[in-house]
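As structure tokens, the structure follows; a few thoughts come after it.
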Amino acid sequence: QDIDMQIRTQNSIRSERSLYRQVLEGASLGAWDWDIDADKMTLNHRAAQMLGYELEVMRREGQIYWIDLIHPNDKARLHKNLQNYLVGKSDKFEIECRLQRSNGKYRWLSITAKLFQPDLHFERPRLVGVWKDIHFEKQKMDYYSTFIQETPLAIAMFDKNMHYMDCSNKWRSDYGLEEIPIIGKSHYEIFPEISEEWKDFHRKCMLGGTFRREE
């Protein structure tokens, strides 16, 4: 009976993995799997293709460890985010960064991953993730960023948590921010004196409201 249960469990796991692979391929996502204790990393065919490689070539040339392909300017940020996730300082691993393709050019990818502890599916801790090509979206953002920065008006772009995504040069000069790195930082960190009343206006605007008020 125990043997039958083990066989059924193994068959169920194989079915789940097969379905997982089909979903990934259908969604045009690259997948990777890092056996942390063995320090062994694998990719699926789609992940290799997104970097301009055939999977067999990557295996032969020893480039499966994709972290080696990260753009130098993105490596420190990736390692910090990854370490924070692995030690429990953050509840998810998610990052946008550039990976080098086989032609030497870099391409923007959105990378997410989840840590799996040993269970029926994995004998050792594994970090399993996917990446999505966001290169064209990033190019559009660069275009919009240039437009925003050069506009003669004082404007800023925030995410839903009021962290700076971009701002115009006029905004920086008007608020004395020329030498201060603000992208990615909270508006309330840059301006801690902002009142709760203004924060409430901001929250309502984030929900789709439109307000007008003189400063």
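We name chains A, B, ... following the order of the structure tokens; residues begin at 1 in each chain, and ligands are numbered from 1 as shown.
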Inset, instruction - From a DSSP pass on the backbone, collect the residues of stretch 110-207 of chain A flagged as strand (DSSP E or B) and hand them back as a list in words. - result: Ser110, Ile111, Thr112, Ala113, Lys114, Leu115, Phe116, Arg126, Leu127, Val128, Gly129, Val130, Trp131, Lys132, Asp133, Ala156, Met157, Phe158, His163, Tyr164, Met165, Asp166, Cys167 and Ser186 of chain A
Inset, instruction - Might you pull out every residue within 7 Å of stretch 63-80 of chain A, with only C-alpha atoms counted and same-chain residues fewer than 3 positions away left off, and present them as a list in words? - result: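 So the residues in contact are Met41, Thr42, Leu43, Met58, Arg59, Gln83, Asn84, Cys97, Arg98, Leu99 and Gln100 of chain A.
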Write the residues of the preceding selection, restricted to N, CA and C atoms, as a PDB file, in the first residue's frame.
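Full text of again_31.pdb as output:
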```pdb
ATOM      1  N   MET A  41      22.263  25.315 -11.533  1.00  0.00           N
ATOM      2  CA  MET A  41      21.154  26.043 -12.126  1.00  0.00           C
ATOM      3  C   MET A  41      20.800  25.473 -13.493  1.00  0.00           C
ATOM      4  N   THR A  42      19.502  25.385 -13.768  1.00  0.00           N
ATOM      5  CA  THR A  42      19.035  24.903 -15.064  1.00  0.00           C
ATOM      6  C   THR A  42      18.042  25.906 -15.649  1.00  0.00           C
ATOM      7  N   LEU A  43      17.940  25.889 -16.976  1.00  0.00           N
ATOM      8  CA  LEU A  43      16.994  26.732 -17.694  1.00  0.00           C
ATOM      9  C   LEU A  43      16.114  25.856 -18.572  1.00  0.00           C
ATOM     10  N   MET A  58      24.322  26.403 -24.449  1.00  0.00           N
ATOM     11  CA  MET A  58      24.574  26.996 -23.136  1.00  0.00           C
ATOM     12  C   MET A  58      25.131  25.965 -22.173  1.00  0.00           C
ATOM     13  N   ARG A  59      24.596  24.756 -22.223  1.00  0.00           N
ATOM     14  CA  ARG A  59      25.095  23.703 -21.345  1.00  0.00           C
ATOM     15  C   ARG A  59      26.542  23.350 -21.687  1.00  0.00           C
ATOM     16  N   GLN A  83      19.590  38.309  -1.843  1.00  0.00           N
ATOM     17  CA  GLN A  83      20.013  37.974  -0.481  1.00  0.00           C
ATOM     18  C   GLN A  83      18.933  38.340   0.531  1.00  0.00           C
ATOM     19  N   ASN A  84      18.315  39.513   0.353  1.00  0.00           N
ATOM     20  CA  ASN A  84      17.249  39.928   1.269  1.00  0.00           C
ATOM     21  C   ASN A  84      16.092  38.933   1.244  1.00  0.00           C
ATOM     22  N   CYS A  97      15.992  43.729 -14.753  1.00  0.00           N
ATOM     23  CA  CYS A  97      17.416  43.925 -15.006  1.00  0.00           C
ATOM     24  C   CYS A  97      17.760  43.494 -16.428  1.00  0.00           C
ATOM     25  N   ARG A  98      19.008  43.733 -16.805  1.00  0.00           N
ATOM     26  CA  ARG A  98      19.455  43.433 -18.161  1.00  0.00           C
ATOM     27  C   ARG A  98      20.362  42.201 -18.162  1.00  0.00           C
ATOM     28  N   LEU A  99      20.101  41.307 -19.100  1.00  0.00           N
ATOM     29  CA  LEU A  99      20.942  40.132 -19.301  1.00  0.00           C
ATOM     30  C   LEU A  99      21.575  40.200 -20.685  1.00  0.00           C
ATOM     31  N   GLN A 100      22.804  39.725 -20.749  1.00  0.00           N
ATOM     32  CA  GLN A 100      23.537  39.779 -22.017  1.00  0.00           C
ATOM     33  C   GLN A 100      23.137  38.619 -22.921  1.00  0.00           C
TER      34      GLN A 100
END
```
Sorted by chain and rising residue number, list the residues of stretch 122-173 of chain A at most 10 Å from stretch 107-112 of chain A (counting only C-alpha atoms), each with its closest atom pair and distance in Å to one decimal, as a tab-separated table.
```
residue	atom	partner	partner_atom	distance
A:Leu127	CA	A:Thr112	CA	10.0
A:Val128	CA	A:Thr112	CA	8.6
A:Gly129	CA	A:Thr112	CA	5.5
A:Val130	CA	A:Thr112	CA	5.7
A:Trp131	CA	A:Ile111	CA	4.3
A:Lys132	CA	A:Ser110	CA	5.1
A:Asp133	CA	A:Leu109	CA	4.7
A:Ile134	CA	A:Leu109	CA	5.3
A:His135	CA	A:Trp108	CA	4.6
A:Phe136	CA	A:Trp108	CA	8.3
A:Glu137	CA	A:Trp108	CA	8.9
A:Lys138	CA	A:Trp108	CA	7.1
A:Gln139	CA	A:Trp108	CA	9.2
```
Inset, instruction - Can you check which residues of stretch 44-96 of chain A DSSP gives as alpha helix (DSSP H) on the backbone and send them as a list in words? - result: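 So, restricting stretch 44-96 of chain A to alpha helix (DSSP H), we get His45, Arg46, Ala47, Ala48, Gln49, Met50, Leu55, Glu56, Val57, Met58, Arg59, Arg60, Glu61, Pro72, Asn73, Asp74, Lys75, Ala76, Arg77, Leu78, His79, Lys80, Asn81, Leu82, Gln83, Asn84, Tyr85 and Leu86 of chain A.
Our summary of the geometry notes that atom CA of A:Lys92 is positioned 12.1 Å from atom CA of A:Phe116.
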